[in-house]
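Visitor: Enclosed is the structure file start_37.pdb (PDB, C-alpha atoms, pLDDT in the B column).
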```
ATOM      1  CA  MET H   1     117.368   6.666   1.439  1.00 55.00           C
ATOM      2  CA  GLU H   2     119.547   9.776   1.801  1.00 57.00           C
ATOM      3  CA  ASP H   3     116.561  11.716   3.105  1.00 61.00           C
ATOM      4  CA  SER H   4     115.965   9.192   5.898  1.00 63.00           C
ATOM      5  CA  ILE H   5     119.655   9.304   6.893  1.00 63.00           C
ATOM      6  CA  LEU H   6     119.441  13.112   6.940  1.00 59.00           C
ATOM      7  CA  VAL H   7     116.344  13.003   9.164  1.00 63.00           C
ATOM      8  CA  ASP H   8     118.016  10.470  11.496  1.00 68.00           C
ATOM      9  CA  ASN H   9     121.131  12.663  11.793  1.00 72.00           C
ATOM     10  CA  ASN H  10     118.988  15.710  12.498  1.00 83.00           C
ATOM     11  CA  GLN H  11     117.012  13.793  15.141  1.00 87.00           C
ATOM     12  CA  THR H  12     120.199  12.518  16.811  1.00 90.00           C
ATOM     13  CA  LYS H  13     121.694  16.005  16.807  1.00 90.00           C
ATOM     14  CA  ALA H  14     118.498  17.474  18.252  1.00 92.00           C
ATOM     15  CA  LEU H  15     118.408  14.875  21.040  1.00 93.00           C
ATOM     16  CA  THR H  16     122.072  15.546  21.831  1.00 93.00           C
ATOM     17  CA  VAL H  17     121.381  19.279  21.955  1.00 94.00           C
ATOM     18  CA  GLY H  18     118.377  18.646  24.225  1.00 94.00           C
ATOM     19  CA  LEU H  19     120.480  16.534  26.562  1.00 95.00           C
ATOM     20  CA  LEU H  20     123.221  19.171  26.643  1.00 95.00           C
ATOM     21  CA  ALA H  21     120.641  21.906  27.302  1.00 95.00           C
ATOM     22  CA  TRP H  22     119.314  19.906  30.252  1.00 95.00           C
ATOM     23  CA  MET H  23     122.778  19.210  31.688  1.00 96.00           C
ATOM     24  CA  VAL H  24     124.138  22.751  31.331  1.00 95.00           C
ATOM     25  CA  PRO H  25     121.525  25.546  31.372  1.00 95.00           C
ATOM     26  CA  GLY H  26     121.921  27.494  28.126  1.00 93.00           C
ATOM     27  CA  GLY H  27     124.445  24.970  26.783  1.00 94.00           C
ATOM     28  CA  GLY H  28     122.195  23.725  23.995  1.00 94.00           C
ATOM     29  CA  HIS H  29     121.819  27.224  22.567  1.00 94.00           C
ATOM     30  CA  PHE H  30     125.525  27.946  22.932  1.00 93.00           C
ATOM     31  CA  TRP H  31     126.378  24.798  21.003  1.00 94.00           C
ATOM     32  CA  GLN H  32     124.145  25.938  18.149  1.00 93.00           C
ATOM     33  CA  GLY H  33     125.678  29.416  18.050  1.00 93.00           C
ATOM     34  CA  ARG H  34     122.725  31.167  19.743  1.00 92.00           C
ATOM     35  CA  TYR H  35     125.031  32.842  22.233  1.00 93.00           C
ATOM     36  CA  VAL H  36     122.759  35.673  23.395  1.00 92.00           C
ATOM     37  CA  ARG H  37     119.773  33.415  23.965  1.00 92.00           C
ATOM     38  CA  GLY H  38     121.985  30.837  25.655  1.00 94.00           C
ATOM     39  CA  LEU H  39     123.427  33.506  27.918  1.00 94.00           C
ATOM     40  CA  ILE H  40     119.985  34.828  28.850  1.00 93.00           C
ATOM     41  CA  LEU H  41     118.511  31.372  29.516  1.00 95.00           C
ATOM     42  CA  GLY H  42     121.575  29.991  31.295  1.00 95.00           C
ATOM     43  CA  GLY H  43     121.996  33.162  33.341  1.00 95.00           C
ATOM     44  CA  ALA H  44     118.333  33.242  34.329  1.00 96.00           C
ATOM     45  CA  VAL H  45     118.251  29.571  35.388  1.00 96.00           C
ATOM     46  CA  CYS H  46     121.561  29.775  37.283  1.00 96.00           C
ATOM     47  CA  ALA H  47     120.556  33.054  38.965  1.00 96.00           C
ATOM     48  CA  MET H  48     117.254  31.579  40.060  1.00 96.00           C
ATOM     49  CA  PHE H  49     118.975  28.435  41.346  1.00 96.00           C
ATOM     50  CA  ALA H  50     121.577  30.462  43.269  1.00 96.00           C
ATOM     51  CA  LEU H  51     118.921  32.767  44.758  1.00 95.00           C
ATOM     52  CA  GLY H  52     116.866  29.734  45.761  1.00 95.00           C
ATOM     53  CA  LEU H  53     119.794  28.295  47.681  1.00 95.00           C
ATOM     54  CA  TYR H  54     120.674  31.716  49.143  1.00 94.00           C
ATOM     55  CA  TRP H  55     117.139  32.175  50.480  1.00 93.00           C
ATOM     56  CA  GLY H  56     117.262  28.836  52.248  1.00 92.00           C
ATOM     57  CA  GLY H  57     115.451  26.626  49.775  1.00 92.00           C
ATOM     58  CA  HIS H  58     116.209  22.949  49.690  1.00 90.00           C
ATOM     59  CA  LEU H  59     116.285  20.361  46.950  1.00 93.00           C
ATOM     60  CA  TYR H  60     113.749  17.577  46.847  1.00 89.00           C
ATOM     61  CA  GLY H  61     114.228  14.033  45.704  1.00 83.00           C
ATOM     62  CA  LEU H  62     113.927  10.464  46.815  1.00 78.00           C
ATOM     63  CA  HIS H  63     115.735  11.337  50.055  1.00 78.00           C
ATOM     64  CA  ASN H  64     112.543  13.242  51.056  1.00 78.00           C
ATOM     65  CA  TYR H  65     110.229  10.295  50.427  1.00 79.00           C
ATOM     66  CA  GLY H  66     109.969   9.430  54.104  1.00 80.00           C
ATOM     67  CA  GLU H  67     108.736  12.871  55.167  1.00 80.00           C
ATOM     68  CA  MET H  68     106.697  13.836  52.084  1.00 80.00           C
ATOM     69  CA  GLY H  69     105.563  10.643  50.394  1.00 85.00           C
ATOM     70  CA  PRO H  70     104.844  10.602  46.652  1.00 86.00           C
ATOM     71  CA  LEU H  71     104.945  14.418  46.491  1.00 87.00           C
ATOM     72  CA  ALA H  72     108.730  14.106  46.747  1.00 86.00           C
ATOM     73  CA  TYR H  73     108.675  12.669  43.209  1.00 90.00           C
ATOM     74  CA  VAL H  74     106.826  15.721  41.843  1.00 92.00           C
ATOM     75  CA  PHE H  75     109.045  18.295  43.541  1.00 92.00           C
ATOM     76  CA  GLY H  76     112.127  16.216  42.780  1.00 92.00           C
ATOM     77  CA  LEU H  77     111.167  16.111  39.103  1.00 94.00           C
ATOM     78  CA  CYS H  78     110.965  19.926  39.089  1.00 95.00           C
ATOM     79  CA  ASN H  79     114.396  20.173  40.748  1.00 94.00           C
ATOM     80  CA  LEU H  80     115.821  17.575  38.366  1.00 95.00           C
ATOM     81  CA  GLY H  81     115.340  20.098  35.546  1.00 95.00           C
ATOM     82  CA  ASN H  82     118.399  21.949  36.831  1.00 95.00           C
ATOM     83  CA  GLY H  83     120.555  19.217  35.333  1.00 94.00           C
ATOM     84  CA  LEU H  84     124.118  18.949  36.558  1.00 95.00           C
ATOM     85  CA  LEU H  85     123.552  21.732  39.116  1.00 94.00           C
ATOM     86  CA  TYR H  86     121.053  19.455  40.847  1.00 94.00           C
ATOM     87  CA  VAL H  87     123.252  16.371  40.567  1.00 94.00           C
ATOM     88  CA  PHE H  88     126.272  18.279  41.884  1.00 95.00           C
ATOM     89  CA  CYS H  89     124.317  19.637  44.859  1.00 94.00           C
ATOM     90  CA  LEU H  90     123.007  16.157  45.699  1.00 91.00           C
ATOM     91  CA  MET H  91     126.521  14.720  45.595  1.00 92.00           C
ATOM     92  CA  ALA H  92     128.105  17.628  47.480  1.00 93.00           C
ATOM     93  CA  ASP H  93     125.321  17.668  50.086  1.00 90.00           C
ATOM     94  CA  ILE H  94     124.392  21.275  49.271  1.00 91.00           C
ATOM     95  CA  GLY H  95     120.834  22.489  49.795  1.00 88.00           C
ATOM     96  CA  LEU H  96     119.512  19.220  51.179  1.00 88.00           C
ATOM     97  CA  LEU H  97     118.730  20.553  54.643  1.00 85.00           C
ATOM     98  CA  ASN H  98     115.193  21.842  55.191  1.00 84.00           C
ATOM     99  CA  LYS H  99     115.568  25.386  56.607  1.00 88.00           C
ATOM    100  CA  ALA H 100     111.901  25.944  57.417  1.00 86.00           C
ATOM    101  CA  TYR H 101     112.885  28.281  60.277  1.00 90.00           C
ATOM    102  CA  LEU H 102     113.898  30.945  57.709  1.00 89.00           C
ATOM    103  CA  ALA H 103     111.178  33.360  56.576  1.00 87.00           C
ATOM    104  CA  THR H 104     112.333  33.028  52.975  1.00 89.00           C
ATOM    105  CA  ALA H 105     112.740  29.247  52.883  1.00 91.00           C
ATOM    106  CA  GLU H 106     109.450  28.663  51.028  1.00 92.00           C
ATOM    107  CA  TYR H 107     110.476  31.218  48.409  1.00 93.00           C
ATOM    108  CA  GLY H 108     113.797  29.464  48.062  1.00 94.00           C
ATOM    109  CA  ASP H 109     112.050  26.123  47.505  1.00 93.00           C
ATOM    110  CA  ARG H 110     109.851  27.616  44.773  1.00 94.00           C
ATOM    111  CA  PHE H 111     112.830  29.339  43.123  1.00 96.00           C
ATOM    112  CA  LEU H 112     114.725  26.048  42.941  1.00 96.00           C
ATOM    113  CA  MET H 113     111.726  24.276  41.441  1.00 96.00           C
ATOM    114  CA  VAL H 114     110.890  26.993  38.926  1.00 96.00           C
ATOM    115  CA  ALA H 115     114.553  27.182  37.874  1.00 97.00           C
ATOM    116  CA  GLY H 116     114.275  23.510  36.926  1.00 96.00           C
ATOM    117  CA  LEU H 117     110.992  24.039  35.081  1.00 97.00           C
ATOM    118  CA  LEU H 118     112.441  26.995  33.158  1.00 96.00           C
ATOM    119  CA  ASN H 119     115.397  24.841  32.166  1.00 96.00           C
ATOM    120  CA  TYR H 120     112.974  22.213  30.826  1.00 96.00           C
ATOM    121  CA  LEU H 121     111.446  24.976  28.674  1.00 96.00           C
ATOM    122  CA  ALA H 122     114.909  26.066  27.505  1.00 95.00           C
ATOM    123  CA  MET H 123     115.722  22.431  26.717  1.00 95.00           C
ATOM    124  CA  LEU H 124     112.605  22.088  24.542  1.00 95.00           C
ATOM    125  CA  ASP H 125     113.437  25.379  22.829  1.00 95.00           C
ATOM    126  CA  ALA H 126     116.979  24.168  22.045  1.00 95.00           C
ATOM    127  CA  TYR H 127     115.520  20.915  20.694  1.00 94.00           C
ATOM    128  CA  ASP H 128     113.096  22.830  18.460  1.00 93.00           C
ATOM    129  CA  VAL H 129     115.899  25.051  17.144  1.00 93.00           C
ATOM    130  CA  ALA H 130     117.983  21.968  16.337  1.00 93.00           C
ATOM    131  CA  ARG H 131     115.028  20.384  14.496  1.00 91.00           C
ATOM    132  CA  GLY H 132     114.578  23.594  12.479  1.00 88.00           C
ATOM    133  CA  ARG H 133     111.119  24.315  13.886  1.00 86.00           C
ATOM    134  CA  LYS H 134     112.268  27.616  15.402  1.00 83.00           C
ATOM    135  CA  VAL H 135     114.773  30.283  14.461  1.00 78.00           C
TER     136      VAL H 135
ATOM    137  CA  MET R   1     108.206  44.628  51.461  1.00 66.00           C
ATOM    138  CA  ARG R   2     110.836  41.907  51.195  1.00 80.00           C
ATOM    139  CA  HIS R   3     108.180  39.462  50.009  1.00 86.00           C
ATOM    140  CA  PHE R   4     107.097  41.868  47.274  1.00 89.00           C
ATOM    141  CA  LEU R   5     110.704  42.359  46.146  1.00 92.00           C
ATOM    142  CA  ILE R   6     111.247  38.596  45.994  1.00 93.00           C
ATOM    143  CA  MET R   7     108.100  38.319  43.885  1.00 93.00           C
ATOM    144  CA  CYS R   8     109.412  41.055  41.562  1.00 94.00           C
ATOM    145  CA  VAL R   9     112.722  39.192  41.160  1.00 95.00           C
ATOM    146  CA  TYR R  10     110.811  35.987  40.406  1.00 95.00           C
ATOM    147  CA  ALA R  11     108.590  37.740  37.854  1.00 96.00           C
ATOM    148  CA  ALA R  12     111.582  39.427  36.195  1.00 96.00           C
ATOM    149  CA  ILE R  13     113.540  36.175  35.755  1.00 95.00           C
ATOM    150  CA  VAL R  14     110.542  34.262  34.425  1.00 95.00           C
ATOM    151  CA  ALA R  15     109.690  37.165  32.095  1.00 95.00           C
ATOM    152  CA  PHE R  16     113.285  37.116  30.781  1.00 93.00           C
ATOM    153  CA  VAL R  17     113.030  33.433  29.914  1.00 94.00           C
ATOM    154  CA  PHE R  18     109.515  33.644  28.464  1.00 95.00           C
ATOM    155  CA  GLY R  19     110.547  36.648  26.380  1.00 93.00           C
ATOM    156  CA  ALA R  20     113.671  34.871  25.110  1.00 92.00           C
ATOM    157  CA  ILE R  21     111.889  31.719  23.966  1.00 92.00           C
ATOM    158  CA  GLY R  22     108.370  32.973  23.300  1.00 89.00           C
ATOM    159  CA  ARG R  23     108.899  35.310  20.354  1.00 87.00           C
ATOM    160  CA  GLU R  24     111.141  35.540  17.301  1.00 84.00           C
ATOM    161  CA  THR R  25     112.199  39.191  16.925  1.00 89.00           C
ATOM    162  CA  MET R  26     114.014  41.276  19.535  1.00 89.00           C
ATOM    163  CA  ARG R  27     111.269  43.910  19.686  1.00 93.00           C
ATOM    164  CA  ALA R  28     108.547  41.281  20.123  1.00 93.00           C
ATOM    165  CA  ARG R  29     110.627  39.573  22.829  1.00 92.00           C
ATOM    166  CA  ILE R  30     111.021  42.789  24.834  1.00 94.00           C
ATOM    167  CA  ILE R  31     107.323  43.614  24.561  1.00 96.00           C
ATOM    168  CA  TYR R  32     106.289  40.075  25.498  1.00 95.00           C
ATOM    169  CA  GLY R  33     108.731  39.987  28.428  1.00 95.00           C
ATOM    170  CA  LEU R  34     107.421  43.300  29.774  1.00 96.00           C
ATOM    171  CA  LYS R  35     103.849  42.077  29.327  1.00 97.00           C
ATOM    172  CA  VAL R  36     104.551  38.864  31.250  1.00 96.00           C
ATOM    173  CA  PHE R  37     106.281  40.818  34.024  1.00 96.00           C
ATOM    174  CA  GLY R  38     103.365  43.262  34.274  1.00 97.00           C
ATOM    175  CA  GLU R  39     100.842  40.430  34.337  1.00 96.00           C
ATOM    176  CA  PHE R  40     102.698  38.643  37.137  1.00 95.00           C
ATOM    177  CA  ILE R  41     102.814  41.765  39.304  1.00 95.00           C
ATOM    178  CA  GLY R  42      99.311  42.958  38.431  1.00 96.00           C
ATOM    179  CA  ILE R  43      97.618  39.616  39.060  1.00 95.00           C
ATOM    180  CA  ALA R  44      99.574  39.107  42.302  1.00 93.00           C
ATOM    181  CA  LEU R  45      98.463  42.518  43.595  1.00 92.00           C
ATOM    182  CA  LEU R  46      94.861  41.869  42.554  1.00 94.00           C
ATOM    183  CA  LEU R  47      94.856  38.467  44.251  1.00 92.00           C
ATOM    184  CA  GLY R  48      96.461  40.011  47.317  1.00 89.00           C
ATOM    185  CA  TRP R  49      93.649  42.552  47.615  1.00 90.00           C
ATOM    186  CA  ALA R  50      90.980  39.938  46.925  1.00 90.00           C
ATOM    187  CA  LEU R  51      92.334  37.652  49.636  1.00 89.00           C
ATOM    188  CA  TYR R  52      92.520  40.602  52.056  1.00 87.00           C
ATOM    189  CA  PHE R  53      88.704  40.769  52.172  1.00 87.00           C
ATOM    190  CA  LEU R  54      88.255  37.054  52.784  1.00 84.00           C
ATOM    191  CA  PRO R  55      87.560  36.297  56.456  1.00 80.00           C
ATOM    192  CA  TYR R  56      89.558  33.029  56.431  1.00 72.00           C
TER     193      TYR R  56
END
```
Take the structure in the file and write it out as structure tokens.
Guide:
Amino acid sequence: MEDSILVDNNQTKALTVGLLAWMVPGGGHFWQGRYVRGLILGGAVCAMFALGLYWGGHLYGLHNYGEMGPLAYVFGLCNLGNGLLYVFCLMADIGLLNKAYLATAEYGDRFLMVAGLLNYLAMLDAYDVARGRKV
Amino acid sequence: MRHFLIMCVYAAIVAFVFGAIGRETMRARIIYGLKVFGEFIGIALLLGWALYFLPY
């Protein structure tokens, strides 16, 4: 009985850490005391996101459905990995304009997507650490 | 040249993250990160040369 409660608590904690890691890049590791890893992961994701915006990339989502069709879901899912950064930019109308006239706009798009995908990886890593599968 | 530099920045950031989550010890992380970075750059240059000879 106590073992099952312990497992449930561990699972709940791991899910909370995963959610936090998704919302704030590096936050899940910080919360578990892995400050250096959290700093590296959070810094890398935020730097990539900022560079993506700087180079003229734009965020995808359902607002692109009309021009792109179902592909907007795929790209939007990649961008969604940036967590609150993505949500904030959507709400503040930052990075929604397609700047295809810039030579670096395609790079910016890829940077924004890969930043989200890297944050998904960091989120899974934080979840694994919380479950005790990784150090 | 700017495109190559952007690719280097991309490879460096991804190598940082892969190194941080891919291995357990600090030494192994640094080696793995450098390996990933080198592979990104090396494969990109190889593909670049391969595509150069394609007529289309």
Visitor: What lies within 10 Å of Lys134 (chain H) using all atoms listed in the file, ignoring chain neighbours under 6 positions off, as an mmCIF file with C-alpha atoms, keeping the file's coordinate frame?
Guide:
```cif
data_model
loop_
_atom_site.group_PDB
_atom_site.id
_atom_site.type_symbol
_atom_site.label_atom_id
_atom_site.label_comp_id
_atom_site.auth_asym_id
_atom_site.auth_seq_id
_atom_site.Cartn_x
_atom_site.Cartn_y
_atom_site.Cartn_z
ATOM 1 C CA ASP H 125 113.437 25.379 22.829
ATOM 2 C CA ALA H 126 116.979 24.168 22.045
ATOM 3 C CA TYR H 127 115.520 20.915 20.694
ATOM 4 C CA ASP H 128 113.096 22.830 18.460
ATOM 5 C CA ILE R 21 111.889 31.719 23.966
ATOM 6 C CA ARG R 23 108.899 35.310 20.354
ATOM 7 C CA GLU R 24 111.141 35.540 17.301
#
```
Visitor: Taking only C-alpha atoms into account and nothing else, which residues of chain H lie no more than 8 Å away from chain R? Please answer as an mmCIF file with C-alpha atoms, keeping the file's coordinate frame.
Guide:
```cif
data_model
loop_
_atom_site.group_PDB
_atom_site.id
_atom_site.type_symbol
_atom_site.label_atom_id
_atom_site.label_comp_id
_atom_site.auth_asym_id
_atom_site.auth_seq_id
_atom_site.Cartn_x
_atom_site.Cartn_y
_atom_site.Cartn_z
ATOM 1 C CA ARG H 37 119.773 33.415 23.965
ATOM 2 C CA ILE H 40 119.985 34.828 28.850
ATOM 3 C CA LEU H 41 118.511 31.372 29.516
ATOM 4 C CA ALA H 44 118.333 33.242 34.329
ATOM 5 C CA MET H 48 117.254 31.579 40.060
ATOM 6 C CA TYR H 107 110.476 31.218 48.409
ATOM 7 C CA PHE H 111 112.830 29.339 43.123
ATOM 8 C CA LEU H 118 112.441 26.995 33.158
ATOM 9 C CA ALA H 122 114.909 26.066 27.505
ATOM 10 C CA ASP H 125 113.437 25.379 22.829
ATOM 11 C CA VAL H 135 114.773 30.283 14.461
#
```
Visitor: How many Å lie between CA of Cys89 (chain H) and CA of Leu53 (chain H), rounded to one decimal?
Guide: 10.2 Å
Visitor: Could you tell me how far CA of Leu51 (chain H) lies from CA of Leu117 (chain H), in Å and to one decimal?
Guide: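 Interatomic distance here is 15.3 Å.
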Visitor: Using all atoms listed in the file, tabulate the residues of region 26-65 of chain H lying at most 10 Å from any atom of region 77-80 of chain H, each with its closest atom pair and that distance in Å to one decimal, by chain and increasing residue number, as CSV.
Guide:
```
residue,atom,partner,partner_atom,distance
H:Phe49,CA,H:Asn79,CA,9.5
H:His58,CA,H:Asn79,CA,9.5
H:Leu59,CA,H:Asn79,CA,6.5
H:Tyr60,CA,H:Asn79,CA,6.7
H:Gly61,CA,H:Leu77,CA,7.6
H:Leu62,CA,H:Leu77,CA,9.9
```
Visitor: Go ahead and find all residues with at least one atom no further than 12 Å from (113.9, 20.7, 20.1) in the file's coordinates, using all atoms listed in the file; report them as an MDAnalysis selection string.
Guide: (chainID H and resid 10:22 28:29 32 120:135) or (chainID R and resid 21)
Visitor: Take the selection from the previous step and output its residues with C-alpha atoms, as a compact mmCIF listing (two decimals), keeping the file's coordinate frame.
Guide:
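Contents of again_6.txt, as written:
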```txt
# COMPACT_ATOMS: atom_id res chain seq x y z
CA ASN H 10 118.99 15.71 12.50
CA GLN H 11 117.01 13.79 15.14
CA THR H 12 120.20 12.52 16.81
CA LYS H 13 121.69 16.00 16.81
CA ALA H 14 118.50 17.47 18.25
CA LEU H 15 118.41 14.88 21.04
CA THR H 16 122.07 15.55 21.83
CA VAL H 17 121.38 19.28 21.96
CA GLY H 18 118.38 18.65 24.22
CA LEU H 19 120.48 16.53 26.56
CA LEU H 20 123.22 19.17 26.64
CA ALA H 21 120.64 21.91 27.30
CA TRP H 22 119.31 19.91 30.25
CA GLY H 28 122.20 23.72 24.00
CA HIS H 29 121.82 27.22 22.57
CA GLN H 32 124.14 25.94 18.15
CA TYR H 120 112.97 22.21 30.83
CA LEU H 121 111.45 24.98 28.67
CA ALA H 122 114.91 26.07 27.50
CA MET H 123 115.72 22.43 26.72
CA LEU H 124 112.60 22.09 24.54
CA ASP H 125 113.44 25.38 22.83
CA ALA H 126 116.98 24.17 22.04
CA TYR H 127 115.52 20.92 20.69
CA ASP H 128 113.10 22.83 18.46
CA VAL H 129 115.90 25.05 17.14
CA ALA H 130 117.98 21.97 16.34
CA ARG H 131 115.03 20.38 14.50
CA GLY H 132 114.58 23.59 12.48
CA ARG H 133 111.12 24.32 13.89
CA LYS H 134 112.27 27.62 15.40
CA VAL H 135 114.77 30.28 14.46
CA ILE R 21 111.89 31.72 23.97
```
Visitor: Which residue, H:Tyr101, H:Leu71, H:Gly42, H:Val114, has the smallest gap to Ala11 (chain R) when you use all atoms listed in the file?
Guide: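 That would be H:Val114, the residue with the smallest distance to Ala11 (chain R).
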Visitor: Would you compute the distance between CA of Leu84 (chain H) and CA of Met23 (chain H)? Give it in Å to one decimal.
Guide: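 CA of Met23 (chain H) lies 5.1 Å from CA of Leu84 (chain H).
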Visitor: Using all atoms of region 28-45 of chain R listed in the file and a margin of 8 Å per side, can you give the axis-aligned box centre and edge lengths in Å to one decimal, as JSON?
Guide:
```
{"center_x": 104.3, "center_y": 41.1, "center_z": 31.9, "size_x": 29.4, "size_y": 21.0, "size_z": 39.5}
```
Visitor: Give as a ChimeraX atom specification the residues that the PyMOL selection byres ((chain R and resi 41-55) around 9) matches when applied to the coordinates above.
Guide: /R:7-8,11,36-40,56
Visitor: Please identify all polymer residues within 9 Å of Gly43 (chain H), counting only C-alpha atoms, omitting same-chain residues fewer than 5 positions from it, and present them as number ranges by chain.
Guide: H: 25-26, 38, 48
Visitor: Name all residues at most 12 Å from Leu102 (chain H) (count all atoms listed in the file; drop same-chain ones fewer than 4 positions away) and give them as a list of chain:residue names.
Guide: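 Everything that qualifies: H:Leu53, H:Tyr54, H:Trp55, H:Gly56, H:Gly57, H:His58, H:Leu97, H:Asn98, H:Glu106, H:Tyr107, H:Gly108, H:Asp109.
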Visitor: Using C-alpha atoms, can you write the selected residues to a file as a PDB file, keeping the file's coordinate frame?
Guide:
```pdb
ATOM      1  CA  LEU H  53     119.794  28.295  47.681  1.00 95.00           C
ATOM      2  CA  TYR H  54     120.674  31.716  49.143  1.00 94.00           C
ATOM      3  CA  TRP H  55     117.139  32.175  50.480  1.00 93.00           C
ATOM      4  CA  GLY H  56     117.262  28.836  52.248  1.00 92.00           C
ATOM      5  CA  GLY H  57     115.451  26.626  49.775  1.00 92.00           C
ATOM      6  CA  HIS H  58     116.209  22.949  49.690  1.00 90.00           C
ATOM      7  CA  LEU H  97     118.730  20.553  54.643  1.00 85.00           C
ATOM      8  CA  ASN H  98     115.193  21.842  55.191  1.00 84.00           C
ATOM      9  CA  GLU H 106     109.450  28.663  51.028  1.00 92.00           C
ATOM     10  CA  TYR H 107     110.476  31.218  48.409  1.00 93.00           C
ATOM     11  CA  GLY H 108     113.797  29.464  48.062  1.00 94.00           C
ATOM     12  CA  ASP H 109     112.050  26.123  47.505  1.00 93.00           C
TER      13      ASP H 109
END
```
Visitor: Using only C-alpha atoms, which residue out of H:Asp93, H:Asn82, H:His63, H:Pro70 lies closest to Ala47 (chain H)?
Guide: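 Of H:Asp93, H:Asn82, H:His63, H:Pro70, the one nearest Ala47 (chain H), counting only C-alpha atoms, is H:Asn82.
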